[in-house]
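A.B. asks: Next comes query_13.txt, compact mmCIF, C-alpha atoms (C1' of nucleotides):
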# COMPACT_ATOMS: atom_id res chain seq x y z
CA MET A 74 -0.50 -6.93 28.49
CA SER A 75 1.39 -7.61 25.30
CA ALA A 76 4.73 -6.73 26.88
CA GLN A 77 3.83 -8.88 29.84
CA ARG A 78 2.97 -11.84 27.69
CA LYS A 79 6.15 -11.46 25.66
CA GLU A 80 8.15 -11.35 28.88
CA THR A 81 6.41 -14.45 30.19
CA VAL A 82 7.24 -16.35 27.03
CA ALA A 83 10.86 -15.26 27.21
CA ILE A 84 11.14 -16.42 30.80
CA THR A 85 9.25 -19.68 30.68
CA THR A 86 10.22 -20.94 27.26
CA PRO A 87 13.85 -19.96 26.68
CA HIS A 88 14.30 -23.21 24.80
CA VAL A 89 12.12 -21.97 21.94
CA PRO A 90 14.46 -20.25 19.46
CA VAL A 91 13.39 -16.84 18.23
CA ASP A 92 14.20 -17.67 14.64
CA GLU A 93 12.35 -20.90 14.24
CA ASP A 94 12.89 -22.76 11.04
CA ILE A 95 10.03 -22.08 8.68
CA GLY A 96 11.54 -24.24 5.94
CA GLU A 97 11.24 -23.64 2.22
CA ILE A 98 8.50 -21.09 2.75
CA ARG A 99 11.27 -18.69 3.71
CA ASP A 100 11.89 -18.08 0.01
CA ILE A 101 8.31 -17.07 -0.81
CA VAL A 102 7.97 -13.29 -1.11
CA GLY A 103 4.21 -13.45 -0.59
CA PHE A 104 4.73 -15.15 2.76
CA HIS A 105 6.93 -12.30 3.97
CA ILE A 106 4.36 -9.75 2.86
CA ARG A 107 1.71 -11.60 4.83
CA LEU A 108 3.86 -11.86 7.96
CA ALA A 109 4.80 -8.17 7.74
CA HIS A 110 1.18 -7.20 7.24
CA GLY A 111 0.20 -9.31 10.22
CA ALA A 112 2.82 -7.68 12.45
CA VAL A 113 1.75 -4.20 11.38
CA TYR A 114 -1.90 -5.08 11.84
CA ARG A 115 -1.28 -6.39 15.35
CA HIS A 116 0.63 -3.30 16.42
CA PHE A 117 -2.04 -1.10 14.90
CA THR A 118 -4.73 -2.91 16.85
CA GLU A 119 -2.84 -2.39 20.11
CA THR A 120 -2.25 1.28 19.34
CA PHE A 121 -5.93 1.83 18.54
CA ALA A 122 -7.41 -0.33 21.29
CA GLU A 123 -8.80 2.63 23.22
CA LEU A 124 -9.98 4.41 20.09
CA ASP A 125 -11.82 1.24 19.00
CA LEU A 126 -11.02 1.74 15.32
CA THR A 127 -9.56 -0.63 12.75
CA GLN A 128 -7.09 0.16 9.98
CA LYS A 129 -9.84 0.20 7.40
CA GLN A 130 -12.06 2.42 9.45
CA VAL A 131 -9.30 4.98 10.02
CA ALA A 132 -8.32 4.88 6.35
CA ALA A 133 -11.93 5.42 5.26
CA LEU A 134 -12.38 8.26 7.75
CA TRP A 135 -9.20 9.87 6.53
CA LEU A 136 -10.21 9.52 2.89
CA VAL A 137 -13.58 11.14 3.49
CA ALA A 138 -11.88 13.96 5.38
CA ASP A 139 -9.54 14.54 2.44
CA HIS A 140 -12.37 14.31 -0.08
CA PRO A 141 -15.51 15.88 1.40
CA GLY A 142 -18.66 14.68 -0.32
CA ILE A 143 -16.94 11.64 -1.84
CA ALA A 144 -19.28 8.79 -2.82
CA GLN A 145 -18.94 5.29 -1.42
CA ILE A 146 -17.74 4.06 -4.77
CA GLY A 147 -14.92 6.61 -4.59
CA VAL A 148 -13.83 5.29 -1.23
CA ALA A 149 -14.05 1.75 -2.58
CA GLN A 150 -11.86 2.49 -5.61
CA ARG A 151 -9.18 4.25 -3.61
CA MET A 152 -9.03 1.51 -0.98
CA ARG A 153 -9.35 -1.31 -3.52
CA MET A 154 -12.50 -2.69 -1.95
CA ASP A 155 -15.82 -3.64 -3.51
CA ARG A 156 -19.09 -1.83 -2.83
CA ALA A 157 -20.40 -4.35 -0.32
CA THR A 158 -17.29 -4.22 1.85
CA THR A 159 -17.31 -0.44 1.71
CA MET A 160 -20.94 -0.45 2.84
CA ALA A 161 -20.04 -2.45 5.93
CA ILE A 162 -17.26 -0.05 6.89
CA VAL A 163 -19.31 3.08 6.24
CA ASN A 164 -22.16 1.55 8.23
CA ARG A 165 -19.87 1.03 11.22
CA LEU A 166 -18.48 4.55 11.02
CA GLU A 167 -22.00 5.94 10.71
CA ALA A 168 -23.15 3.87 13.70
CA LYS A 169 -20.27 5.32 15.72
CA GLY A 170 -21.48 8.77 14.68
CA TYR A 171 -18.29 9.66 12.84
CA LEU A 172 -19.68 10.23 9.37
CA ALA A 173 -22.98 10.97 7.70
CA ARG A 174 -24.57 10.07 4.39
CA SER A 175 -26.52 12.58 2.36
CA LYS A 176 -28.07 12.25 -1.10
CA SER A 177 -25.98 13.75 -3.85
CA HIS A 178 -27.93 16.35 -5.84
CA SER A 179 -25.67 15.97 -8.86
CA ASP A 180 -26.22 12.21 -9.11
CA GLY A 181 -29.23 10.62 -7.45
CA ARG A 182 -27.53 7.25 -7.31
CA LYS A 183 -24.78 8.49 -5.06
CA GLN A 184 -24.55 9.32 -1.40
CA GLU A 185 -22.22 12.09 -0.32
CA LEU A 186 -20.07 11.20 2.68
CA ASN A 187 -18.91 13.77 5.19
CA LEU A 188 -17.39 13.67 8.65
CA THR A 189 -19.46 14.76 11.60
CA ARG A 190 -17.99 16.99 14.27
CA ALA A 191 -17.27 13.85 16.34
CA GLY A 192 -15.67 12.29 13.27
CA ARG A 193 -13.30 15.21 12.84
CA ARG A 194 -12.41 15.11 16.52
CA THR A 195 -11.78 11.37 16.43
CA LEU A 196 -9.74 11.57 13.23
CA ALA A 197 -7.49 14.18 14.83
CA THR A 198 -6.85 11.78 17.72
CA ALA A 199 -6.40 8.90 15.30
CA LYS A 200 -3.80 10.81 13.33
CA ARG A 201 -1.74 11.25 16.46
CA ALA A 202 -1.98 7.51 17.11
CA ILE A 203 -1.02 6.82 13.50
CA ARG A 204 2.06 9.00 13.89
CA GLN A 205 3.07 6.82 16.87
CA HIS A 206 2.37 3.66 14.93
CA GLU A 207 4.34 4.87 11.93
CA GLN A 208 7.22 5.78 14.21
CA TRP A 209 7.25 2.21 15.52
CA LEU A 210 7.22 0.91 11.94
CA LYS A 211 9.83 3.32 10.55
CA SER A 212 12.19 3.06 13.53
CA ARG A 213 13.90 0.04 12.00
CA PHE A 214 14.70 1.81 8.72
CA THR A 215 16.65 4.76 7.46
CA GLU A 216 14.73 7.44 5.55
CA LYS A 217 16.18 6.10 2.33
CA GLU A 218 15.03 2.57 3.15
CA VAL A 219 11.52 3.80 3.93
CA ALA A 220 11.36 5.50 0.54
CA LYS A 221 12.64 2.34 -1.14
CA LEU A 222 10.14 0.15 0.67
CA VAL A 223 7.24 2.38 -0.30
CA GLU A 224 8.44 2.46 -3.89
CA LEU A 225 8.65 -1.34 -4.05
CA LEU A 226 5.28 -1.82 -2.40
CA THR A 227 3.67 0.69 -4.74
CA ARG A 228 4.80 -1.38 -7.71
CA ILE A 229 2.79 -4.26 -6.24
CA HIS A 230 -0.46 -2.38 -5.69
CA GLN A 231 -0.05 -0.23 -8.85
CA MET B 282 -13.41 -13.46 -15.40
CA SER B 283 -11.03 -11.07 -13.73
CA ALA B 284 -9.47 -10.04 -17.01
CA GLN B 285 -12.92 -9.61 -18.44
CA ARG B 286 -14.03 -7.42 -15.58
CA LYS B 287 -10.87 -5.34 -15.80
CA GLU B 288 -11.48 -4.89 -19.51
CA THR B 289 -15.08 -3.86 -18.90
CA VAL B 290 -13.98 -1.27 -16.38
CA ALA B 291 -11.38 0.08 -18.77
CA ILE B 292 -13.97 0.37 -21.53
CA THR B 293 -16.93 1.73 -19.64
CA THR B 294 -15.22 4.04 -17.19
CA PRO B 295 -12.29 5.62 -18.97
CA HIS B 296 -13.01 8.85 -17.10
CA VAL B 297 -11.83 7.31 -13.84
CA PRO B 298 -8.12 8.03 -13.53
CA VAL B 299 -5.91 5.10 -12.60
CA ASP B 300 -3.96 7.08 -10.05
CA GLU B 301 -6.72 8.54 -7.97
CA ASP B 302 -5.73 10.98 -5.31
CA ILE B 303 -5.66 9.22 -1.97
CA GLY B 304 -4.58 12.38 -0.15
CA GLU B 305 -2.28 12.53 2.86
CA ILE B 306 -2.62 8.80 3.42
CA ARG B 307 -0.14 8.40 0.59
CA ASP B 308 2.66 9.06 3.07
CA ILE B 309 1.67 6.31 5.51
CA VAL B 310 3.89 3.25 5.12
CA GLY B 311 1.35 1.02 6.83
CA PHE B 312 -1.23 1.92 4.21
CA HIS B 313 1.06 0.78 1.40
CA ILE B 314 1.72 -2.49 3.18
CA ARG B 315 -2.00 -3.06 3.47
CA LEU B 316 -2.66 -2.24 -0.17
CA ALA B 317 0.19 -4.48 -1.31
CA HIS B 318 -1.01 -7.29 0.91
CA GLY B 319 -4.51 -6.88 -0.51
CA ALA B 320 -3.26 -7.04 -4.10
CA VAL B 321 -1.20 -10.15 -3.36
CA TYR B 322 -4.08 -11.75 -1.50
CA ARG B 323 -6.46 -11.12 -4.40
CA HIS B 324 -4.11 -12.60 -6.98
CA PHE B 325 -3.47 -15.57 -4.71
CA THR B 326 -7.20 -16.22 -4.40
CA GLU B 327 -7.61 -16.20 -8.18
CA THR B 328 -4.63 -18.51 -8.65
CA PHE B 329 -5.97 -20.94 -6.05
CA ALA B 330 -9.65 -20.76 -6.98
CA GLU B 331 -9.75 -24.33 -8.36
CA LEU B 332 -7.61 -25.72 -5.57
CA ASP B 333 -9.95 -24.15 -3.01
CA LEU B 334 -7.15 -23.27 -0.62
CA THR B 335 -6.31 -20.01 1.13
CA GLN B 336 -2.89 -18.52 1.80
CA LYS B 337 -2.99 -19.64 5.41
CA GLN B 338 -4.07 -23.15 4.54
CA VAL B 339 -1.27 -23.58 2.01
CA ALA B 340 1.28 -22.12 4.43
CA ALA B 341 0.11 -24.46 7.20
CA LEU B 342 0.19 -27.46 4.87
CA TRP B 343 3.67 -26.52 3.74
CA LEU B 344 4.90 -26.08 7.31
CA VAL B 345 3.61 -29.48 8.37
CA ALA B 346 5.24 -31.05 5.32
CA ASP B 347 8.57 -29.46 6.24
CA HIS B 348 8.21 -30.42 9.91
CA PRO B 349 6.53 -33.84 10.15
CA GLY B 350 4.95 -34.40 13.55
CA ILE B 351 4.95 -30.71 14.43
CA ALA B 352 2.42 -29.69 17.10
CA GLN B 353 -0.27 -27.11 16.52
CA ILE B 354 1.53 -24.70 18.79
CA GLY B 355 4.59 -25.02 16.55
CA VAL B 356 2.56 -24.09 13.50
CA ALA B 357 1.04 -21.19 15.43
CA GLN B 358 4.43 -19.79 16.49
CA ARG B 359 5.90 -19.99 13.02
CA MET B 360 2.89 -18.36 11.39
CA ARG B 361 2.42 -15.83 14.20
CA MET B 362 -1.09 -16.99 14.99
CA ASP B 363 -2.72 -17.91 18.30
CA ARG B 364 -3.86 -21.40 19.21
CA ALA B 365 -7.52 -20.80 18.45
CA THR B 366 -6.85 -19.50 14.93
CA THR B 367 -4.52 -22.41 14.28
CA MET B 368 -7.24 -24.81 15.41
CA ALA B 369 -9.64 -23.41 12.84
CA ILE B 370 -7.13 -23.79 10.01
CA VAL B 371 -6.04 -27.30 11.04
CA ASN B 372 -9.70 -28.28 11.34
CA ARG B 373 -10.36 -27.17 7.77
CA LEU B 374 -7.32 -29.00 6.44
CA GLU B 375 -8.32 -32.10 8.37
CA ALA B 376 -11.89 -31.84 7.04
CA LYS B 377 -10.51 -31.67 3.49
CA GLY B 378 -8.54 -34.83 4.29
CA TYR B 379 -5.15 -33.18 3.80
CA LEU B 380 -3.67 -33.71 7.25
CA ALA B 381 -4.19 -35.91 10.29
CA ARG B 382 -3.80 -35.44 14.03
CA SER B 383 -2.27 -38.09 16.25
CA LYS B 384 -1.45 -37.98 19.95
CA SER B 385 2.18 -37.29 20.70
CA HIS B 386 3.70 -40.04 22.86
CA SER B 387 6.46 -37.74 24.12
CA ASP B 388 4.02 -35.09 25.38
CA GLY B 389 0.43 -36.02 26.10
CA ARG B 390 -0.73 -32.44 25.68
CA LYS B 391 0.34 -32.28 22.08
CA GLN B 392 -1.02 -33.57 18.83
CA GLU B 393 1.36 -34.54 16.08
CA LEU B 394 0.39 -33.25 12.67
CA ASN B 395 1.22 -35.07 9.46
CA LEU B 396 0.11 -34.83 5.85
CA THR B 397 -2.06 -37.54 4.40
CA ARG B 398 -1.37 -38.96 0.96
CA ALA B 399 -3.99 -36.57 -0.44
CA GLY B 400 -2.32 -33.72 1.44
CA ARG B 401 1.04 -34.47 -0.15
CA ARG B 402 -0.54 -34.65 -3.58
CA THR B 403 -2.41 -31.37 -3.07
CA LEU B 404 0.66 -29.61 -1.69
CA ALA B 405 2.63 -30.61 -4.78
CA THR B 406 -0.05 -29.02 -6.95
CA ALA B 407 -0.20 -26.01 -4.67
CA LYS B 408 3.54 -25.49 -4.94
CA ARG B 409 3.24 -25.29 -8.70
CA ALA B 410 0.50 -22.67 -8.32
CA ILE B 411 2.64 -20.78 -5.80
CA ARG B 412 5.48 -20.72 -8.30
CA GLN B 413 3.12 -19.07 -10.81
CA HIS B 414 1.88 -16.64 -8.19
CA GLU B 415 5.40 -15.74 -7.14
CA GLN B 416 6.34 -15.22 -10.77
CA TRP B 417 3.50 -12.71 -11.10
CA LEU B 418 4.68 -10.96 -7.95
CA LYS B 419 8.39 -10.95 -8.78
CA SER B 420 7.93 -9.99 -12.43
CA ARG B 421 7.98 -6.29 -11.52
CA PHE B 422 11.32 -6.49 -9.72
CA THR B 423 14.93 -7.33 -10.43
CA GLU B 424 16.47 -10.15 -8.37
CA LYS B 425 18.31 -7.56 -6.32
CA GLU B 426 15.08 -5.71 -5.60
CA VAL B 427 13.34 -8.92 -4.52
CA ALA B 428 16.16 -9.59 -2.08
CA LYS B 429 15.96 -6.04 -0.77
CA LEU B 430 12.18 -6.22 -0.37
CA VAL B 431 12.38 -9.49 1.55
CA GLU B 432 15.13 -8.05 3.74
CA LEU B 433 13.08 -4.97 4.57
CA LEU B 434 9.91 -6.97 5.21
CA THR B 435 11.80 -9.38 7.45
CA ARG B 436 12.85 -6.48 9.65
CA ILE B 437 9.17 -5.76 10.19
CA HIS B 438 8.12 -9.27 11.17
CA GLN B 439 11.39 -10.03 13.04
C1' DG C 29 -37.90 5.74 -25.25
C1' DG C 30 -35.58 1.80 -24.40
C1' DT C 31 -31.47 -0.52 -23.11
C1' DC C 32 -27.54 -0.81 -20.42
C1' DA C 33 -24.41 0.73 -16.70
C1' DT C 34 -23.78 2.58 -12.18
C1' DT C 35 -24.60 3.03 -7.32
C1' DG C 36 -26.30 1.81 -3.07
C1' DT C 37 -28.35 -1.66 -0.43
C1' DA C 38 -29.60 -6.20 1.77
C1' DA C 39 -28.77 -11.00 2.73
C1' DG C 40 -26.00 -14.77 3.11
C1' DT C 41 -21.32 -17.29 3.12
C1' DT C 42 -16.53 -17.91 4.27
C1' DA C 43 -12.11 -17.08 6.53
C1' DT C 44 -9.61 -15.11 9.90
C1' DA C 45 -8.44 -13.34 14.60
C1' DC C 46 -9.47 -12.62 19.11
C1' DT C 47 -11.11 -13.71 24.09
C1' DA C 48 -12.56 -16.61 27.79
C1' DA C 49 -13.15 -20.77 29.77
C1' DC C 50 -12.13 -25.64 30.57
C1' DA C 51 -9.69 -30.33 30.72
C1' DA C 52 -5.69 -32.94 30.40
C1' DT C 53 -0.99 -33.03 30.87
C1' DT C 54 3.60 -31.52 32.10
C1' DA C 55 7.04 -28.63 34.68
C1' DC C 56 8.70 -26.95 38.69
C1' DA C 57 9.40 -25.25 43.47
C1' DT C 58 9.57 -26.19 48.16
C1' DA D 179 6.55 -36.02 46.24
C1' DT D 180 3.09 -33.05 46.38
C1' DG D 181 0.84 -29.01 45.25
C1' DT D 182 0.97 -25.00 42.19
C1' DA D 183 1.71 -23.05 37.83
C1' DA D 184 2.27 -23.37 32.89
C1' DT D 185 1.33 -25.53 28.45
C1' DT D 186 -1.59 -27.45 24.89
C1' DG D 187 -5.65 -28.46 22.73
C1' DT D 188 -10.35 -27.58 22.53
C1' DT D 189 -14.94 -25.23 22.38
C1' DA D 190 -17.88 -21.27 22.19
C1' DG D 191 -18.77 -16.77 21.18
C1' DT D 192 -17.69 -12.16 18.96
C1' DA D 193 -15.99 -8.98 15.39
C1' DT D 194 -14.06 -7.76 11.04
C1' DA D 195 -13.51 -8.19 6.40
C1' DA D 196 -14.20 -9.90 1.68
C1' DC D 197 -17.00 -12.03 -1.40
C1' DT D 198 -21.48 -13.29 -4.19
C1' DT D 199 -26.06 -12.56 -5.66
C1' DA D 200 -30.04 -10.02 -6.20
C1' DC D 201 -32.73 -5.89 -6.44
C1' DA D 202 -34.22 -0.90 -6.87
C1' DA D 203 -33.32 3.62 -8.21
C1' DT D 204 -30.99 6.55 -11.13
C1' DG D 205 -28.18 8.12 -14.99
C1' DA D 206 -25.97 7.58 -19.70
C1' DC D 207 -26.49 6.92 -24.33
C1' DC D 208 -28.09 5.43 -28.92
Before we go any further, please render this structure as structure tokens.

C.D. replies:
Amino acid sequence: MSAQRKETVAITTPHVPVDEDIGEIRDIVGFHIRLAHGAVYRHFTETFAELDLTQKQVAALWLVADHPGIAQIGVAQRMRMDRATTMAIVNRLEAKGYLARSKSHSDGRKQELNLTRAGRRTLATAKRAIRQHEQWLKSRFTEKEVAKLVELLTRIHQ
Amino acid sequence: MSAQRKETVAITTPHVPVDEDIGEIRDIVGFHIRLAHGAVYRHFTETFAELDLTQKQVAALWLVADHPGIAQIGVAQRMRMDRATTMAIVNRLEAKGYLARSKSHSDGRKQELNLTRAGRRTLATAKRAIRQHEQWLKSRFTEKEVAKLVELLTRIHQ
DNA sequence: GGTCATTGTAAGTTATACTAACAATTACAT
DNA sequence: ATGTAATTGTTAGTATAACTTACAATGACC
């Protein structure tokens, strides 16, 4: 559907230049980060359409898999989200049956998060989709450029 | 308030390491883009708290200023948004009194967008805030690195 | 023991992004 | 030139995400 739409645009509106003038905004780094994020987000959504998972949901699932028994606050800190936003995401993953909460016995305030069997199965599928998605993203760079990009981006998010 | 909160965190939870282990996800480029975008978005929101404008709203305002009489579809294409999303943003900017719609006489389907006097005044203020925000973002890079980052990001969003 | 911090939770707000449908207008093919 | 298709704006509805505020339960610490 996306390829079809793109083709339609190319056929019916050849007079619209690909590199439209965006004016002074071209020199704003933050604008490029937002455009790049948007492009990645859109491709991710297409890749995960059948799986019905968002970036955040996959990231949270993956984090819990890598840190069994992690508390919600732990997920929040690693993903740079606040508690309320984390709640919403964990709620959705719980509703889908991919992870389960259980009271921590070391700290009564916390809930331990763990994947269910379905969660592990889905994450395995998701990781294959991520590999595809990453391939699409990395295909335009050399290995060295990928490393450089990650290094630069890391300096932004600490 | 942000500095205060950061300080509080540093004082009350020194046992939480800054570089928490995020596991395998560390190697996913898309994850770094999302984290970087989130960090930039958060700083932008703080910088523009008094102005009560979002990234998208400023970008749209700026685009209209650089392209007087541009149609909504033109804004959408340049910002990689669909028509409905553009509508919402233009509606908000119109409600704030920063831009005005007027029927195009060359194409009856289109609306010409132009800044109001208040819109021009606000954009001027916004540009000063953007300069601050960009300074914060660029401060961690050399000029060469900024150019490289923009070049790499541009390859992602075309 | 009392005070303060942490954690999870609920409720409500805002912004964004998408789809689907519709009306008005324009473009185009035969 | 007429009928069909495409474009543009618009509305309505849905979903996600991020935020605030408030509250309860629990833990940390003097």

A.B. asks: Here's a check: after a least-squares fit over all in-order C-alpha atoms, write chain A in the frame of chain B, as a short mmCIF file (atom, residue, chain, number, x, y, z; two decimals) with C-alpha atoms, in the coordinates of the input.

C.D. replies:
data_model
loop_
_atom_site.label_atom_id
_atom_site.label_comp_id
_atom_site.auth_asym_id
_atom_site.auth_seq_id
_atom_site.Cartn_x
_atom_site.Cartn_y
_atom_site.Cartn_z
CA MET A 74 -13.63 -13.18 -15.25
CA SER A 75 -11.19 -10.83 -13.61
CA ALA A 76 -9.62 -9.86 -16.93
CA GLN A 77 -13.07 -9.38 -18.35
CA ARG A 78 -14.15 -7.15 -15.53
CA LYS A 79 -10.97 -5.10 -15.76
CA GLU A 80 -11.55 -4.69 -19.49
CA THR A 81 -15.14 -3.62 -18.92
CA VAL A 82 -14.05 -0.97 -16.46
CA ALA A 83 -11.42 0.31 -18.85
CA ILE A 84 -13.95 0.59 -21.65
CA THR A 85 -16.93 2.00 -19.82
CA THR A 86 -15.24 4.30 -17.36
CA PRO A 87 -12.24 5.84 -19.13
CA HIS A 88 -12.90 9.03 -17.20
CA VAL A 89 -11.81 7.39 -13.94
CA PRO A 90 -8.06 8.01 -13.61
CA VAL A 91 -5.93 5.00 -12.74
CA ASP A 92 -3.98 6.91 -10.14
CA GLU A 93 -6.76 8.38 -8.11
CA ASP A 94 -5.79 10.84 -5.46
CA ILE A 95 -5.71 9.12 -2.11
CA GLY A 96 -4.63 12.28 -0.30
CA GLU A 97 -2.37 12.45 2.72
CA ILE A 98 -2.70 8.73 3.30
CA ARG A 99 -0.20 8.33 0.49
CA ASP A 100 2.58 9.04 2.98
CA ILE A 101 1.59 6.29 5.43
CA VAL A 102 3.84 3.24 5.08
CA GLY A 103 1.29 1.00 6.80
CA PHE A 104 -1.29 1.89 4.17
CA HIS A 105 1.01 0.75 1.38
CA ILE A 106 1.69 -2.51 3.18
CA ARG A 107 -2.04 -3.10 3.47
CA LEU A 108 -2.70 -2.30 -0.19
CA ALA A 109 0.19 -4.53 -1.31
CA HIS A 110 -1.03 -7.34 0.92
CA GLY A 111 -4.52 -6.95 -0.49
CA ALA A 112 -3.27 -7.12 -4.08
CA VAL A 113 -1.19 -10.21 -3.35
CA TYR A 114 -4.07 -11.82 -1.49
CA ARG A 115 -6.46 -11.20 -4.38
CA HIS A 116 -4.09 -12.68 -6.95
CA PHE A 117 -3.46 -15.64 -4.69
CA THR A 118 -7.17 -16.28 -4.38
CA GLU A 119 -7.59 -16.26 -8.16
CA THR A 120 -4.61 -18.57 -8.63
CA PHE A 121 -5.94 -21.02 -6.04
CA ALA A 122 -9.62 -20.84 -6.98
CA GLU A 123 -9.71 -24.37 -8.36
CA LEU A 124 -7.57 -25.77 -5.56
CA ASP A 125 -9.93 -24.19 -3.00
CA LEU A 126 -7.13 -23.29 -0.59
CA THR A 127 -6.29 -20.03 1.14
CA GLN A 128 -2.86 -18.56 1.82
CA LYS A 129 -2.98 -19.67 5.42
CA GLN A 130 -4.06 -23.16 4.56
CA VAL A 131 -1.25 -23.61 2.03
CA ALA A 132 1.29 -22.14 4.44
CA ALA A 133 0.15 -24.48 7.23
CA LEU A 134 0.22 -27.48 4.89
CA TRP A 135 3.69 -26.55 3.76
CA LEU A 136 4.92 -26.10 7.32
CA VAL A 137 3.63 -29.49 8.38
CA ALA A 138 5.26 -31.06 5.33
CA ASP A 139 8.58 -29.47 6.26
CA HIS A 140 8.22 -30.43 9.92
CA PRO A 141 6.54 -33.85 10.16
CA GLY A 142 4.97 -34.43 13.55
CA ILE A 143 4.97 -30.73 14.44
CA ALA A 144 2.45 -29.71 17.12
CA GLN A 145 -0.24 -27.12 16.54
CA ILE A 146 1.57 -24.72 18.81
CA GLY A 147 4.62 -25.04 16.56
CA VAL A 148 2.59 -24.10 13.52
CA ALA A 149 1.08 -21.21 15.46
CA GLN A 150 4.46 -19.81 16.52
CA ARG A 151 5.95 -20.00 13.05
CA MET A 152 2.93 -18.37 11.42
CA ARG A 153 2.45 -15.83 14.22
CA MET A 154 -1.06 -17.00 15.01
CA ASP A 155 -2.66 -17.91 18.32
CA ARG A 156 -3.83 -21.41 19.23
CA ALA A 157 -7.49 -20.80 18.47
CA THR A 158 -6.83 -19.51 14.96
CA THR A 159 -4.49 -22.41 14.30
CA MET A 160 -7.21 -24.82 15.43
CA ALA A 161 -9.61 -23.41 12.86
CA ILE A 162 -7.10 -23.81 10.03
CA VAL A 163 -6.03 -27.31 11.05
CA ASN A 164 -9.70 -28.27 11.37
CA ARG A 165 -10.36 -27.15 7.80
CA LEU A 166 -7.33 -28.98 6.45
CA GLU A 167 -8.34 -32.09 8.38
CA ALA A 168 -11.90 -31.84 7.05
CA LYS A 169 -10.50 -31.67 3.52
CA GLY A 170 -8.54 -34.83 4.32
CA TYR A 171 -5.15 -33.21 3.82
CA LEU A 172 -3.68 -33.72 7.27
CA ALA A 173 -4.20 -35.90 10.30
CA ARG A 174 -3.82 -35.44 14.03
CA SER A 175 -2.29 -38.10 16.23
CA LYS A 176 -1.46 -38.02 19.95
CA SER A 177 2.17 -37.32 20.67
CA HIS A 178 3.72 -40.06 22.82
CA SER A 179 6.47 -37.76 24.06
CA ASP A 180 4.02 -35.13 25.35
CA GLY A 181 0.42 -36.07 26.03
CA ARG A 182 -0.71 -32.48 25.66
CA LYS A 183 0.36 -32.29 22.06
CA GLN A 184 -1.04 -33.59 18.82
CA GLU A 185 1.36 -34.56 16.08
CA LEU A 186 0.40 -33.24 12.65
CA ASN A 187 1.21 -35.08 9.46
CA LEU A 188 0.10 -34.85 5.85
CA THR A 189 -2.06 -37.57 4.42
CA ARG A 190 -1.36 -38.99 0.99
CA ALA A 191 -3.99 -36.59 -0.42
CA GLY A 192 -2.31 -33.76 1.47
CA ARG A 193 1.05 -34.50 -0.12
CA ARG A 194 -0.54 -34.69 -3.55
CA THR A 195 -2.38 -31.41 -3.05
CA LEU A 196 0.68 -29.65 -1.67
CA ALA A 197 2.66 -30.66 -4.75
CA THR A 198 -0.03 -29.06 -6.93
CA ALA A 199 -0.16 -26.04 -4.65
CA LYS A 200 3.58 -25.53 -4.92
CA ARG A 201 3.29 -25.32 -8.67
CA ALA A 202 0.54 -22.72 -8.28
CA ILE A 203 2.68 -20.83 -5.78
CA ARG A 204 5.54 -20.75 -8.27
CA GLN A 205 3.15 -19.12 -10.77
CA HIS A 206 1.92 -16.68 -8.17
CA GLU A 207 5.45 -15.78 -7.12
CA GLN A 208 6.38 -15.25 -10.75
CA TRP A 209 3.52 -12.77 -11.07
CA LEU A 210 4.71 -11.00 -7.91
CA LYS A 211 8.43 -10.99 -8.76
CA SER A 212 7.97 -10.03 -12.42
CA ARG A 213 7.98 -6.35 -11.52
CA PHE A 214 11.33 -6.52 -9.70
CA THR A 215 14.92 -7.35 -10.39
CA GLU A 216 16.50 -10.15 -8.34
CA LYS A 217 18.31 -7.55 -6.29
CA GLU A 218 15.07 -5.69 -5.57
CA VAL A 219 13.36 -8.91 -4.49
CA ALA A 220 16.18 -9.58 -2.03
CA LYS A 221 15.94 -6.01 -0.75
CA LEU A 222 12.18 -6.21 -0.35
CA VAL A 223 12.40 -9.45 1.59
CA GLU A 224 15.13 -8.01 3.79
CA LEU A 225 13.05 -4.92 4.58
CA LEU A 226 9.92 -6.93 5.25
CA THR A 227 11.80 -9.32 7.50
CA ARG A 228 12.85 -6.40 9.68
CA ILE A 229 9.15 -5.70 10.23
CA HIS A 230 8.11 -9.22 11.21
CA GLN A 231 11.40 -9.94 13.07
#

A.B. asks: Kindly give the distance, in Å, that separates C1' of DC208 (chain D) and CA of Ser177 (chain A), rounded to a single decimal.

C.D. replies: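 Between these atoms lies a distance of 26.5 Å.
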
A.B. asks: Please identify every residue of chain A that has at least one atom no farther than 9 Å from an atom of chain D, counting only C-alpha atoms (C1' of nucleotides), and for each give the shortest atom pair and the distance in Å to one decimal, arranged by chain then increasing number, as a Markdown table.

C.D. replies:
| residue | atom | partner | partner_atom | distance |
| --- | --- | --- | --- | --- |
| A:Thr85 | CA | D:DA184 | C1' | 8.2 |
| A:Thr127 | CA | D:DT194 | C1' | 8.6 |
| A:Met154 | CA | D:DA196 | C1' | 8.2 |
| A:Asp155 | CA | D:DA196 | C1' | 8.3 |
| A:Ala157 | CA | D:DC197 | C1' | 8.5 |
| A:Thr158 | CA | D:DA196 | C1' | 6.5 |
| A:Ala161 | CA | D:DA195 | C1' | 8.7 |
| A:Ile162 | CA | D:DA195 | C1' | 9.0 |
| A:Asp180 | CA | D:DG205 | C1' | 7.4 |
| A:Gly181 | CA | D:DT204 | C1' | 5.8 |
| A:Arg182 | CA | D:DT204 | C1' | 5.2 |
| A:Lys183 | CA | D:DT204 | C1' | 8.9 |

A.B. asks: Restricting the calculation to all atoms listed in the file: of C:DT44, C:DT58, C:DA51, C:DA38, which residue gets closest to chain B?

C.D. replies: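 Smallest separation from chain B among the options: C:DT44.
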
A.B. asks: What gap, in Å, lies between CA of Gln130 (chain A) and CA of His324 (chain B)?

C.D. replies: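 Computed distance, CA of Gln130 (chain A) to CA of His324 (chain B), equals 23.6 Å.
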